[in-house]
Each structure stands twice: as structure tokens, then as C-alpha cells.
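my_file-v2.tsv follows; it contains TSV, C-alpha atoms and all ligand atoms.
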```
chain	number	residue	atom	x	y	z
X	1	MET	CA	3.38	-14.02	-23.97
X	2	LYS	CA	0.63	-11.53	-24.75
X	3	GLN	CA	0.81	-8.01	-23.37
X	4	LYS	CA	-1.77	-6.95	-20.81
X	5	LEU	CA	-4.16	-4.09	-21.56
X	6	LEU	CA	-4.84	-3.49	-17.87
X	7	GLY	CA	-2.13	-1.15	-16.62
X	8	LYS	CA	-1.83	0.80	-19.86
X	9	ASN	CA	-2.77	4.47	-19.80
X	10	LEU	CA	-5.07	6.06	-22.35
X	11	GLN	CA	-2.31	6.86	-24.81
X	12	GLU	CA	-0.91	3.33	-24.63
X	13	LEU	CA	-4.37	1.80	-25.06
X	14	SER	CA	-4.95	3.98	-28.12
X	15	GLU	CA	-1.58	2.86	-29.51
X	16	ALA	CA	-2.52	-0.76	-28.81
X	17	ALA	CA	-5.77	-0.29	-30.75
X	18	VAL	CA	-3.88	1.26	-33.70
X	19	ALA	CA	-1.33	-1.60	-33.59
X	20	CYS	CA	-4.28	-3.96	-34.17
X	21	GLY	CA	-5.49	-1.91	-37.16
X	22	LEU	CA	-8.28	-0.22	-35.18
X	23	LYS	CA	-9.13	3.43	-34.63
X	24	PRO	CA	-7.47	5.13	-31.63
X	25	PHE	CA	-10.88	5.78	-29.99
X	26	VAL	CA	-11.15	2.04	-29.29
X	27	GLY	CA	-8.36	2.69	-26.76
X	28	ARG	CA	-10.62	5.19	-25.01
X	29	GLN	CA	-13.45	2.65	-24.98
X	30	ILE	CA	-11.18	0.04	-23.38
X	31	ALA	CA	-10.01	2.55	-20.75
X	32	ASP	CA	-13.64	3.33	-19.96
X	33	TRP	CA	-14.50	-0.36	-19.53
X	34	LEU	CA	-11.42	-1.30	-17.53
X	35	TYR	CA	-11.08	1.73	-15.26
X	36	ALA	CA	-14.41	3.56	-15.04
X	37	LYS	CA	-16.68	0.51	-15.29
X	38	ARG	CA	-14.23	-2.08	-13.84
X	39	ALA	CA	-15.09	-4.68	-16.47
X	40	THR	CA	-13.09	-7.86	-15.95
X	41	GLY	CA	-14.16	-9.69	-19.13
X	42	TRP	CA	-14.39	-8.93	-22.84
X	43	ASP	CA	-18.08	-9.89	-22.90
X	44	ARG	CA	-19.05	-6.80	-20.90
X	45	MET	CA	-17.47	-4.47	-23.48
X	46	VAL	CA	-20.61	-4.27	-25.56
X	47	ASN	CA	-19.74	-1.19	-27.63
X	48	ILE	CA	-16.58	-2.83	-29.03
X	49	SER	CA	-17.38	-4.97	-32.08
X	50	LYS	CA	-16.72	-8.72	-32.19
X	51	ASP	CA	-14.24	-8.20	-34.98
X	52	SER	CA	-12.33	-5.50	-33.04
X	53	LYS	CA	-12.19	-7.74	-29.97
X	54	ALA	CA	-10.87	-10.64	-32.06
X	55	ARG	CA	-8.10	-8.43	-33.44
X	56	LEU	CA	-7.20	-7.16	-29.99
X	57	GLN	CA	-7.16	-10.69	-28.57
X	58	GLU	CA	-4.58	-11.79	-31.14
X	59	MET	CA	-2.02	-9.49	-29.52
X	60	TYR	CA	-3.32	-8.68	-26.06
X	61	GLU	CA	-4.99	-10.13	-22.99
X	62	LEU	CA	-7.06	-8.03	-20.61
X	63	GLY	CA	-4.79	-8.78	-17.65
X	64	THR	CA	-7.58	-9.21	-15.11
X	65	SER	CA	-7.68	-12.29	-12.91
X	66	ALA	CA	-10.06	-13.31	-10.15
X	67	PRO	CA	-8.78	-13.87	-6.59
X	68	ILE	CA	-7.62	-17.43	-5.90
X	69	GLY	CA	-8.68	-17.26	-2.28
X	70	SER	CA	-10.47	-15.06	0.22
X	71	ALA	CA	-11.29	-14.80	3.90
X	72	LEU	CA	-13.91	-12.69	5.63
X	73	SER	CA	-13.38	-11.42	9.15
X	74	SER	CA	-16.17	-11.11	11.70
X	75	ASP	CA	-15.49	-7.35	11.70
X	76	GLY	CA	-16.19	-7.04	7.96
X	77	THR	CA	-12.57	-6.95	6.80
X	78	SER	CA	-11.98	-9.11	3.71
X	79	LYS	CA	-8.73	-10.53	2.46
X	80	TYR	CA	-8.20	-11.55	-1.14
X	81	LEU	CA	-5.37	-13.63	-2.42
X	82	PHE	CA	-4.11	-13.14	-5.98
X	83	LYS	CA	-1.72	-15.16	-8.04
X	84	ALA	CA	1.52	-13.34	-8.86
X	85	GLY	CA	3.68	-15.12	-11.41
X	86	GLU	CA	3.78	-18.91	-11.50
X	87	THR	CA	4.31	-19.70	-7.86
X	88	ASN	CA	3.69	-16.59	-5.78
X	89	ALA	CA	0.62	-15.06	-4.21
X	90	VAL	CA	-0.09	-11.59	-2.89
X	91	GLU	CA	-2.84	-10.19	-0.69
X	92	ALA	CA	-5.22	-7.29	-0.90
X	93	VAL	CA	-7.25	-6.39	2.17
X	94	LEU	CA	-10.54	-4.53	2.07
X	95	ILE	CA	-11.26	-2.53	5.21
X	96	PRO	CA	-14.79	-1.10	5.49
X	97	ASP	CA	-15.13	1.74	7.96
X	98	GLU	CA	-18.28	3.89	8.27
X	99	ASP	CA	-18.58	5.59	4.88
X	100	ARG	CA	-15.21	4.39	3.57
X	101	LYS	CA	-14.00	1.24	1.89
X	102	THR	CA	-10.23	1.23	1.86
X	103	LEU	CA	-8.20	-1.28	-0.09
X	104	CYS	CA	-4.77	-2.17	1.24
X	105	VAL	CA	-2.79	-3.22	-1.84
X	106	SER	CA	0.43	-5.15	-2.38
X	107	SER	CA	3.21	-3.91	-4.64
X	108	GLN	CA	5.66	-6.83	-4.54
X	109	ALA	CA	5.62	-10.60	-4.06
X	110	GLY	CA	7.58	-10.77	-0.83
X	111	CYS	CA	9.96	-7.99	0.14
X	112	LYS	CA	13.71	-7.30	0.23
X	113	MET	CA	13.65	-5.06	3.28
X	114	GLY	CA	13.73	-7.79	5.91
X	115	CYS	CA	11.91	-6.09	8.79
X	116	LYS	CA	12.05	-8.74	11.49
X	117	PHE	CA	8.46	-8.32	12.71
X	118	CYS	CA	6.96	-8.81	9.25
X	119	MET	CA	5.81	-12.08	7.70
X	120	THR	CA	6.30	-10.69	4.20
X	121	GLY	CA	9.87	-9.69	5.04
X	122	ARG	CA	10.55	-13.22	6.20
X	123	GLN	CA	9.49	-14.67	2.86
X	124	GLY	CA	12.21	-12.75	1.03
X	125	TRP	CA	11.67	-11.08	-2.31
X	126	HIS	CA	10.10	-13.03	-5.17
X	127	GLY	CA	9.50	-10.29	-7.69
X	128	ASN	CA	7.84	-6.99	-8.44
X	129	LEU	CA	4.19	-6.76	-9.37
X	130	ASP	CA	3.57	-5.12	-12.72
X	131	VAL	CA	1.04	-2.31	-13.15
X	132	ALA	CA	-1.67	-4.78	-14.17
X	133	ASP	CA	-1.05	-6.93	-11.07
X	134	ILE	CA	-1.42	-3.84	-8.89
X	135	LEU	CA	-4.58	-2.56	-10.58
X	136	ASN	CA	-6.07	-6.04	-10.75
X	137	GLN	CA	-6.38	-5.92	-6.96
X	138	PHE	CA	-8.73	-2.96	-7.45
X	139	VAL	CA	-10.81	-4.25	-10.34
X	140	SER	CA	-11.17	-7.96	-9.54
X	141	ILE	CA	-12.67	-7.89	-6.06
X	142	PRO	CA	-16.44	-7.99	-5.58
X	143	GLU	CA	-16.41	-4.56	-3.87
X	144	SER	CA	-14.53	-2.90	-6.73
X	145	ASP	CA	-17.29	-0.40	-7.56
X	146	SER	CA	-17.64	0.84	-4.01
X	147	LEU	CA	-13.97	1.38	-3.14
X	148	THR	CA	-13.28	4.87	-1.81
X	149	ASN	CA	-9.62	4.84	-0.73
X	150	ALA	CA	-6.39	2.93	-1.19
X	151	VAL	CA	-3.27	2.43	0.88
X	152	PHE	CA	-0.08	0.97	-0.56
X	153	MET	CA	0.56	-0.82	2.69
X	154	GLY	CA	0.24	-4.47	1.72
X	155	MET	CA	3.04	-6.84	0.80
X	156	GLY	CA	6.27	-5.26	-0.40
X	157	GLU	CA	7.92	-1.87	-0.19
X	158	PRO	CA	6.15	0.32	-2.78
X	159	LEU	CA	9.15	2.60	-3.26
X	160	ASP	CA	11.23	-0.45	-4.21
X	161	ASN	CA	8.87	-0.92	-7.18
X	162	TYR	CA	8.23	2.73	-7.82
X	163	GLY	CA	8.00	2.49	-11.61
X	164	ALA	CA	4.93	0.26	-11.49
X	165	VAL	CA	3.47	1.92	-8.40
X	166	SER	CA	3.74	5.45	-9.83
X	167	LYS	CA	2.15	4.33	-13.08
X	168	ALA	CA	-0.68	2.64	-11.17
X	169	ILE	CA	-1.19	5.86	-9.18
X	170	GLY	CA	-1.25	7.76	-12.48
X	171	ILE	CA	-4.07	5.56	-13.77
X	172	LEU	CA	-5.95	5.70	-10.47
X	173	THR	CA	-5.86	9.51	-10.47
X	174	SER	CA	-6.30	10.37	-14.15
X	175	PRO	CA	-9.73	11.34	-15.50
X	176	GLU	CA	-9.47	8.58	-18.13
X	177	GLY	CA	-8.53	6.12	-15.40
X	178	PHE	CA	-10.33	5.75	-12.09
X	179	GLY	CA	-10.62	9.53	-11.75
X	180	TRP	CA	-9.73	9.45	-8.06
X	181	SER	CA	-8.37	12.44	-6.19
X	182	PRO	CA	-4.79	11.86	-4.93
X	183	LYS	CA	-6.21	12.55	-1.46
X	184	ARG	CA	-7.80	9.10	-1.57
X	185	ILE	CA	-4.42	7.36	-1.82
X	186	THR	CA	-1.71	6.85	0.80
X	187	LEU	CA	1.66	5.27	0.12
X	188	SER	CA	3.39	3.68	3.09
X	189	THR	CA	7.16	3.27	3.13
X	190	ILE	CA	9.94	2.40	5.53
X	191	GLY	CA	11.89	5.29	3.98
X	192	VAL	CA	13.73	4.39	0.79
X	193	LEU	CA	15.32	7.83	0.77
X	194	PRO	CA	16.27	8.55	-2.87
X	195	VAL	CA	12.95	7.24	-4.19
X	196	LEU	CA	11.03	8.95	-1.42
X	197	LYS	CA	12.30	12.28	-2.73
X	198	LYS	CA	11.06	11.36	-6.19
X	199	TYR	CA	7.67	10.37	-4.78
X	200	LEU	CA	7.33	13.62	-2.85
X	201	ASP	CA	8.34	15.65	-5.91
X	202	GLU	CA	6.12	13.81	-8.38
X	203	GLN	CA	2.99	12.76	-6.50
X	204	ARG	CA	0.33	14.54	-4.49
X	205	CYS	CA	-0.87	11.47	-2.56
X	206	HIS	CA	-0.47	11.14	1.18
X	207	LEU	CA	2.57	9.58	2.80
X	208	ALA	CA	2.86	7.17	5.73
X	209	VAL	CA	6.27	6.29	7.14
X	210	SER	CA	6.94	3.15	9.18
X	211	LEU	CA	8.86	4.55	12.11
X	212	HIS	CA	8.48	2.10	15.02
X	213	ASN	CA	11.43	3.35	17.09
X	214	PRO	CA	13.01	6.81	17.35
X	215	PHE	CA	16.42	5.50	18.50
X	216	PRO	CA	18.70	4.58	15.57
X	217	GLU	CA	20.47	1.66	17.23
X	218	GLU	CA	17.21	0.15	18.50
X	219	ARG	CA	15.40	0.66	15.17
X	220	LEU	CA	18.26	-1.09	13.43
X	221	GLU	CA	17.65	-4.21	15.55
X	222	LEU	CA	14.37	-4.88	13.75
X	223	MET	CA	14.68	-2.77	10.59
X	224	PRO	CA	17.84	-3.25	8.51
X	225	VAL	CA	16.82	-0.25	6.35
X	226	GLN	CA	17.97	2.02	9.17
X	227	LYS	CA	21.57	1.34	8.13
X	228	ALA	CA	21.18	2.52	4.54
X	229	TRP	CA	18.66	5.31	5.12
X	230	PRO	CA	18.60	6.53	8.71
X	231	LEU	CA	15.32	7.77	10.08
X	232	SER	CA	16.80	11.20	10.85
X	233	ASP	CA	17.54	11.67	7.12
X	234	VAL	CA	14.04	10.52	6.21
X	235	VAL	CA	12.43	12.99	8.62
X	236	GLY	CA	14.89	15.67	7.43
X	237	LEU	CA	13.72	15.14	3.85
X	238	ILE	CA	10.05	15.21	4.85
X	239	ARG	CA	10.58	18.53	6.62
X	240	GLN	CA	11.46	20.07	3.25
X	241	TYR	CA	7.90	19.54	1.97
X	242	ASP	CA	4.64	21.22	2.87
X	243	PHE	CA	2.16	19.00	4.70
X	244	SER	CA	-0.07	21.76	6.00
X	245	GLY	CA	-2.48	21.59	3.05
X	246	GLN	CA	-4.08	18.76	1.12
X	247	ARG	CA	-1.23	16.28	1.40
X	248	ARG	CA	-0.70	14.64	4.77
X	249	VAL	CA	2.12	12.71	6.38
X	250	SER	CA	1.65	10.17	9.12
X	251	PHE	CA	4.05	7.96	11.04
X	252	GLU	CA	3.20	4.35	11.76
X	253	TYR	CA	4.35	3.15	15.15
X	254	THR	CA	3.75	-0.52	15.96
X	255	MET	CA	3.79	-1.02	19.72
X	256	PHE	CA	6.02	-3.79	21.08
X	257	ALA	CA	5.93	-4.44	24.82
X	258	GLY	CA	9.19	-3.41	26.42
X	259	TRP	CA	10.91	-2.49	23.15
X	260	ASN	CA	9.55	0.87	22.05
X	261	ASP	CA	6.70	1.78	24.38
X	262	ASP	CA	8.09	3.72	27.36
X	263	LYS	CA	8.37	7.44	28.18
X	264	ARG	CA	11.91	7.56	26.83
X	265	HIS	CA	10.62	6.53	23.41
X	266	ALA	CA	7.65	8.87	23.53
X	267	ASP	CA	9.89	11.81	24.43
X	268	ALA	CA	12.42	10.98	21.70
X	269	LEU	CA	9.57	10.73	19.21
X	270	ILE	CA	8.25	14.12	20.31
X	271	ARG	CA	11.69	15.65	19.77
X	272	LEU	CA	12.11	13.97	16.38
X	273	LEU	CA	8.77	15.21	15.05
X	274	GLU	CA	8.64	18.59	16.80
X	275	GLY	CA	7.07	21.29	14.64
X	276	LEU	CA	6.16	18.90	11.83
X	277	GLU	CA	2.53	18.90	10.69
X	278	CYS	CA	1.87	15.18	11.07
X	279	ARG	CA	-0.01	12.40	12.79
X	280	VAL	CA	1.28	9.35	14.63
X	281	ASN	CA	-0.72	6.12	14.37
X	282	LEU	CA	-0.08	3.58	17.10
X	283	ILE	CA	-0.63	0.07	15.82
X	284	ARG	CA	-1.29	-3.06	17.82
X	285	PHE	CA	1.26	-5.69	16.97
X	286	HIS	CA	-0.25	-8.92	15.63
X	287	GLU	CA	1.94	-11.65	17.01
X	288	ILE	CA	3.73	-13.82	14.49
X	289	PRO	CA	5.33	-17.24	14.95
X	290	ASP	CA	8.95	-17.48	16.15
X	291	PHE	CA	9.22	-13.82	17.07
X	292	PRO	CA	9.70	-13.01	20.75
X	293	TYR	CA	7.96	-9.63	20.96
X	294	ARG	CA	4.40	-9.14	22.13
X	295	CYS	CA	2.04	-6.20	21.72
X	296	SER	CA	2.14	-3.49	24.38
X	297	PRO	CA	-0.72	-3.59	26.88
X	298	ASP	CA	-3.64	-1.23	26.18
X	299	VAL	CA	-2.86	0.91	29.19
X	300	ARG	CA	0.70	1.47	27.95
X	301	MET	CA	-0.58	2.42	24.52
X	302	GLU	CA	-2.99	4.93	26.05
X	303	GLU	CA	-0.20	6.49	28.13
X	304	PHE	CA	2.01	6.74	25.05
X	305	LYS	CA	-0.78	8.31	23.02
X	306	ASN	CA	-1.63	10.83	25.74
X	307	ARG	CA	2.00	11.85	26.14
X	308	LEU	CA	2.26	12.63	22.43
X	309	ASN	CA	-1.08	14.42	22.33
X	310	ASN	CA	-0.13	16.51	25.36
X	311	HIS	CA	2.96	17.67	23.48
X	312	GLY	CA	0.98	18.76	20.44
X	313	ILE	CA	1.44	15.67	18.28
X	314	VAL	CA	-1.83	14.23	17.00
X	315	CYS	CA	-1.72	10.58	17.94
X	316	THR	CA	-4.35	7.89	17.62
X	317	ILE	CA	-4.50	4.19	18.32
X	318	ARG	CA	-5.41	2.43	15.11
X	319	ALA	CA	-8.28	-0.01	15.50
X	320	SER	CA	-7.15	-3.57	15.00
X	321	ARG	CA	-8.90	-5.19	12.07
X	322	GLY	CA	-9.29	-8.71	10.78
X	323	GLU	CA	-7.31	-10.49	13.50
X	324	ASP	CA	-9.36	-13.65	13.03
X	325	ILE	CA	-8.28	-13.93	9.38
X	326	LEU	CA	-4.55	-13.51	9.93
X	327	ALA	CA	-4.51	-9.79	9.32
X	328	ALA	CA	-0.79	-9.22	9.79
X	329	CYS	CA	0.75	-8.36	6.46
X	330	GLY	CA	1.77	-11.47	4.53
X	331	MET	CA	0.11	-14.04	6.77
X	332	LEU	CA	-2.43	-15.36	4.27
X	333	ALA	CA	-0.01	-15.38	1.34
X	334	GLY	CA	2.62	-16.95	3.59
X	335	GLN	CA	0.19	-19.71	4.43
X	336	HIS	CA	-0.56	-20.21	0.73
X	337	SER	CA	3.11	-20.63	-0.19
X	338	GLN	CA	3.52	-23.31	2.46
X	339	GLN	CA	0.70	-25.42	1.03
F	401	LIG	FE1	8.83	-5.14	3.56
F	401	LIG	FE2	7.05	-3.53	4.74
F	401	LIG	FE3	7.44	-6.01	5.63
F	401	LIG	FE4	9.35	-4.20	6.00
F	401	LIG	S1	7.27	-4.14	6.90
F	401	LIG	S2	9.65	-6.31	5.29
F	401	LIG	S3	9.14	-2.99	4.13
F	401	LIG	S4	6.62	-5.44	3.65
```

Written as C-alpha cells, how would this file's structure read?
Amino acid sequence: MKQKLLGKNLQELSEAAVACGLKPFVGRQIADWLYAKRATGWDRMVNISKDSKARLQEMYELGTSAPIGSALSSDGTSKYLFKAGETNAVEAVLIPDEDRKTLCVSSQAGCKMGCKFCMTGRQGWHGNLDVADILNQFVSIPESDSLTNAVFMGMGEPLDNYGAVSKAIGILTSPEGFGWSPKRITLSTIGVLPVLKKYLDEQRCHLAVSLHNPFPEERLELMPVQKAWPLSDVVGLIRQYDFSGQRRVSFEYTMFAGWNDDKRHADALIRLLEGLECRVNLIRFHEIPDFPYRCSPDVRMEEFKNRLNNHGIVCTIRASRGEDILAACGMLAGQHSQQ
């Protein structure tokens, strides 16, 4: 199988050019086409000679691939489905919002973490995406040129595929790559503790943590990760880092009626996060088949939000996007795998 050029950094692209008997600067030209200009085909790379392309093509493929499916929501949200390996598919979701276009990217085909409310978790784990698969979600959608932000919040747990994710972040943020500021990227995790420490030490991107319930025994009911890496340890680790400047931390809290939405939960959350510079995002739960929980009523969400805000914790209700195109993580890809 040929190696992919997409996903290689500048040094690796230069080495690839040299391996084909070409000058190292051809590597810089490829980086410019793939990352700055988002070229998805050789034909666009007009300053690379025919002969050089032929030599490169003997050993390498570009690694770009068009979506195999898409769906557009009435609210402007778009979902794209990409092939991952022979039989799997992953989703990327484009969320336009005023002057932003945020791409929600997948990092794995399926997921090992088994959160009970998540369609991706139900599918089990089918493999890690490589760096090219991750970056392909950025370069192969029609809106590629106008993307402003990215969240690693799609299918999979990004810290369970940290090697590929960190390299993708490196290419997104390097001047020879996309040239993005780390402030444009947020990684969302359920709290894979040892890798989270690495992420916080190595990266300057924002962090989002899937919290969902402040009580350990209740959280464990829906999130098996609580057993290996308790939330209190995750928050303890986060407290060791500075989030008062450029880098921000937020906590994702999906609202389930009767499970995590009363005063007791709000007060426990306030105690857990006291003094931490952070934000809490309340998320409407998109119902999934064969799962008994429903989303909390709006009035309950408002009360919860106000209680947190009144205790000095910035809390917002996240607008629900793309419900008409199966917006819950993993729904479109799940549908694809059943076909
Ligand atoms: Fe995996 Fe995230 Fe789904 Fe949990 S919520 S199963 S970590 S994709």
C-alpha cells in the first residue's frame, strides 16, 4: 500500500520528495498545496512538474478522499460521511454560526469508551483514524477554505488516539500547515487521565471535558470511564493548569430529565468547580433508540443554568443544531453501517 502525503509535516514531505529523487523544496510545495491551498488532486499542483508528480505517485498517494455521503440541515448544519478503512465510516459536522464555521471532527471509527447515551459508543471500536483521515475531514469538504474553528468532538475519544490527533493539531497550527492559532481548536474528552496530562503539557488548544454528572456513582451508571479515571481526579489535574489566559476549559453537561438536572446536581457541580476559571455548557440530549432517558424540559435547563450563574459559574445552554439530520454523534455513520 502506498503511503499518504496528507498528514505528513513539512520535514516528512521534504524527506518524501528526496526519497523520490527530487529536491527537498518540492516537499514545501506539496505542503503549500495540501494545507494552505487545500488542494485535493494532483492536477491543481501546477508548479510541480509532470515528471516530479510521476515520481511521487510511484511511492505515494495524496491521501485525500471525497465524502461518501452528506446531509444538510434546515439550520445550515452539514454532515459529511467519510470512508474509514474498508468497512467503516466516520462523520464530520460543519456548524456555521454568525462569523464562524466550526468543524466537528472524528478521531476514531467507533469508540471503546462505551458511554451509554452515545450512538458511537454503542458501535464499539473499529479502529483509529490516521493523521490523513483526520485532516481529510478538513480538506475534502466544500467549505474547506472558509473553516474558522475545529472541535475534536465527533466520533471517538481523541485522547485514545492521541498520537494521530496531536500530529494533526501540529499540522493545523504550524505555519507550514494550516497556520491556525491553537485558540481555534478545542479537544473534547471524557477524561483519559494520563493522556490528558500529556495534552495539557504539550498543547495550547482549548479543552472541553464531558462531565454530565457530578456524583461518581451516578456518573458511572452511564460512563464506564468513571471507574478508571474518576472525575474528581480529572478536575484535580485540570486545577494544576492555568486557564485564566488564552487557553480555556469548559465542561459539557448533557441534560437528562430526572437523572442529572435537579438542584442537588447543580449544587454538587458548583462545589466541584468552585474557584476554577471555566464555563459549563448545558447540552440538549438528542434522544437515541433503545435508551430510556429523555432531555430535560427547557424550564429545568434554565433553572439549572441560573443556579450556576448565580454562584459565579459561567453557564450557557448550547443551541441545538442539525436535529433534522440525526445530529447526535454517530447517528449518520451508524445508519451507514446498518445498510
Ligand atoms: Fe466515545 Fe465520546 Fe461516545 Fe463516550 S461520548 S462513547 S467517549 S464518542

#### Entry: Given all atoms listed in the file as the counted atoms, nearest of X:Pro142, X:Gly63, X:Gly179, X:Gly245 to Ser78 in chain X
X:Pro142

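Across X:Ala39, X:Cys278, X:Ile48, X:Val165, the tightest approach to Phe152 in chain X is made by X:Val165 when counting all atoms listed in the file.
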
### Query
Which residue out of X:Ser188, X:Ser74, X:Gln11, X:Asn281 has the minimum interatomic distance to ligand LIG 401 (chain F) when all atoms listed in the file are used?
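Result for the nearest residue to ligand LIG 401 (chain F): X:Ser188.
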
Write as a tab-separated table (two decimals) with C-alpha atoms, in the coordinates of the input the residues around ligand LIG 401 (chain F), taking 7 Å as the cut-off and counting all atoms listed in the file.
```
chain	number	residue	atom	x	y	z
X	111	CYS	CA	9.96	-7.99	0.14
X	112	LYS	CA	13.71	-7.30	0.23
X	113	MET	CA	13.65	-5.06	3.28
X	114	GLY	CA	13.73	-7.79	5.91
X	115	CYS	CA	11.91	-6.09	8.79
X	118	CYS	CA	6.96	-8.81	9.25
X	119	MET	CA	5.81	-12.08	7.70
X	120	THR	CA	6.30	-10.69	4.20
X	121	GLY	CA	9.87	-9.69	5.04
X	154	GLY	CA	0.24	-4.47	1.72
X	155	MET	CA	3.04	-6.84	0.80
X	156	GLY	CA	6.27	-5.26	-0.40
X	157	GLU	CA	7.92	-1.87	-0.19
X	189	THR	CA	7.16	3.27	3.13
X	190	ILE	CA	9.94	2.40	5.53
```

How close does range 249-280 of chain X get to range 217-241 of chain X? List, as CSV, each residue of range 249-280 of chain X within 12 Å, its nearest atom pair and the distance in Å to one decimal, counting all atoms listed in the file.
```
residue,atom,partner,partner_atom,distance
X:Val249,CA,X:Ile238,CA,8.5
X:Ser250,CA,X:Ile238,CA,10.7
X:Phe251,CA,X:Val235,CA,10.1
X:Tyr253,CA,X:Arg219,CA,11.3
X:Thr254,CA,X:Leu222,CA,11.7
X:Phe256,CA,X:Leu222,CA,11.2
X:Gly258,CA,X:Glu218,CA,11.8
X:Trp259,CA,X:Glu218,CA,8.3
X:Asn260,CA,X:Glu218,CA,8.5
X:His265,CA,X:Glu218,CA,10.4
X:Ala268,CA,X:Ser232,CA,11.7
X:Leu269,CA,X:Ser232,CA,11.1
X:Arg271,CA,X:Ser232,CA,11.2
X:Leu272,CA,X:Ser232,CA,7.8
X:Leu273,CA,X:Val235,CA,7.7
X:Glu274,CA,X:Arg239,CA,10.4
X:Gly275,CA,X:Arg239,CA,9.2
X:Leu276,CA,X:Arg239,CA,6.8
X:Glu277,CA,X:Arg239,CA,9.0
X:Cys278,CA,X:Ile238,CA,10.3
```

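Between CA of Gln203 in chain X and CA of Leu147 in chain X lies a distance of 20.7 Å.
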
Listing only residues of range 192-294 of chain X within 8 Å of range 298-313 of chain X, what is the closest atom pair and its distance in Å (to one decimal) for each, using only C-alpha atoms, sorted by chain and residue number ascending, as a Markdown table?
```
| residue | atom | partner | partner_atom | distance |
| --- | --- | --- | --- | --- |
| X:Met255 | CA | X:Met301 | CA | 7.3 |
| X:Asp261 | CA | X:Phe304 | CA | 6.9 |
| X:Asp262 | CA | X:Phe304 | CA | 7.2 |
| X:Lys263 | CA | X:Phe304 | CA | 7.1 |
| X:Ala266 | CA | X:Phe304 | CA | 6.2 |
| X:Asp267 | CA | X:Leu308 | CA | 7.9 |
| X:Ile270 | CA | X:Leu308 | CA | 6.5 |
| X:Glu274 | CA | X:Ile313 | CA | 7.9 |
| X:Cys278 | CA | X:Ile313 | CA | 7.2 |
| X:Arg279 | CA | X:Ile313 | CA | 6.6 |
| X:Val280 | CA | X:Ile313 | CA | 7.3 |
| X:Leu282 | CA | X:Met301 | CA | 7.5 |
```

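Taking only C-alpha atoms into account, those protein, DNA and RNA residues with any atom at most 10 Å away from (10.5, 6.6, -6.7) amount to X:Pro158, X:Leu159, X:Asp160, X:Asn161, X:Tyr162, X:Gly163, X:Ala164, X:Val165, X:Ser166, X:Val192, X:Leu193, X:Pro194, X:Val195, X:Leu196, X:Lys197, X:Lys198, X:Tyr199, X:Leu200, X:Asp201, X:Glu202, X:Gln203.
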
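A straight line drawn from CA of Ala92 in chain X to CA of Gly76 in chain X is 14.1 Å long.
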
### Task
Rank nothing, just name the residue among X:Lys8, X:Arg100, X:Arg318, X:Arg184 nearest to Arg28 in chain X, using all atoms listed in the file.
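Selected residue with least distance to Arg28 in chain X: X:Lys8.
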
### Task
Please tell me which residues are no farther than 8 Å from (-1.6, -4.5, -20.6) in the file, counting only C-alpha atoms, and write them as a PyMOL selection string.
chain X and resi 3-8+60-63+132

### Task
Check the smallest atom-to-atom distance from each of X:Ala89, X:Ala36, X:Asp75, X:Leu103 to Trp125 in chain X using only C-alpha atoms, then report the winner.
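Looking only at the distances to Trp125 in chain X, the closest residue turns out to be X:Ala89.
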
### Query
So what do you get for CA of Phe82 in chain X versus CA of Gly170 in chain X, distance-wise?
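Pair CA of Phe82 in chain X / CA of Gly170 in chain X returns 22.1 Å.
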
### Query
Leaving out Lys23 in chain X and any residue of its chain fewer than 6 positions from it, which residues lie within 12 Å of it when counting only C-alpha atoms, given as a count of residues only?
11

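For the choices X:Met153, X:Ile185, X:Ile171, X:Val314, the atom-to-atom distance to Val209 in chain X is smallest for X:Met153 when using all atoms listed in the file.
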
Would you pick out the contacts of Thr40 in chain X at 10 Å or less, using only C-alpha atoms, so that residues sharing its chain but fewer than 3 positions from it are not included, and give the list as a PDB file with C-alpha atoms, in the coordinates of the input?
```pdb
ATOM      1  CA  LEU X   6      -4.840  -3.490 -17.870  1.00  0.00           C
ATOM      2  CA  TRP X  33     -14.500  -0.360 -19.530  1.00  0.00           C
ATOM      3  CA  LEU X  34     -11.420  -1.300 -17.530  1.00  0.00           C
ATOM      4  CA  TYR X  35     -11.080   1.730 -15.260  1.00  0.00           C
ATOM      5  CA  LYS X  37     -16.680   0.510 -15.290  1.00  0.00           C
ATOM      6  CA  ASP X  43     -18.080  -9.890 -22.900  1.00  0.00           C
ATOM      7  CA  ARG X  44     -19.050  -6.800 -20.900  1.00  0.00           C
ATOM      8  CA  MET X  45     -17.470  -4.470 -23.480  1.00  0.00           C
ATOM      9  CA  LEU X  62      -7.060  -8.030 -20.610  1.00  0.00           C
ATOM     10  CA  GLY X  63      -4.790  -8.780 -17.650  1.00  0.00           C
ATOM     11  CA  THR X  64      -7.580  -9.210 -15.110  1.00  0.00           C
ATOM     12  CA  SER X  65      -7.680 -12.290 -12.910  1.00  0.00           C
ATOM     13  CA  ALA X  66     -10.060 -13.310 -10.150  1.00  0.00           C
ATOM     14  CA  ASN X 136      -6.070  -6.040 -10.750  1.00  0.00           C
ATOM     15  CA  VAL X 139     -10.810  -4.250 -10.340  1.00  0.00           C
ATOM     16  CA  SER X 140     -11.170  -7.960  -9.540  1.00  0.00           C
ATOM     17  CA  ILE X 141     -12.670  -7.890  -6.060  1.00  0.00           C
TER      18      ILE X 141
END
```

Range 306-317 of chain X, all listed atoms, 3 Å padding on each side: what axis-aligned box centre and edge lengths in Å to one decimal come out, as AutoDock Vina command-line options?
```
--center_x -0.8 --center_y 11.5 --center_z 21.6 --size_x 13.5 --size_y 20.6 --size_z 15.1
```

### Query
Near Arg247 in chain X, counting only C-alpha atoms, which residues have an atom at most 8 Å away, once you skip same-chain residues fewer than 2 positions from it, shown as a ChimeraX atom specification?
/X:183,204-207,242-245,249
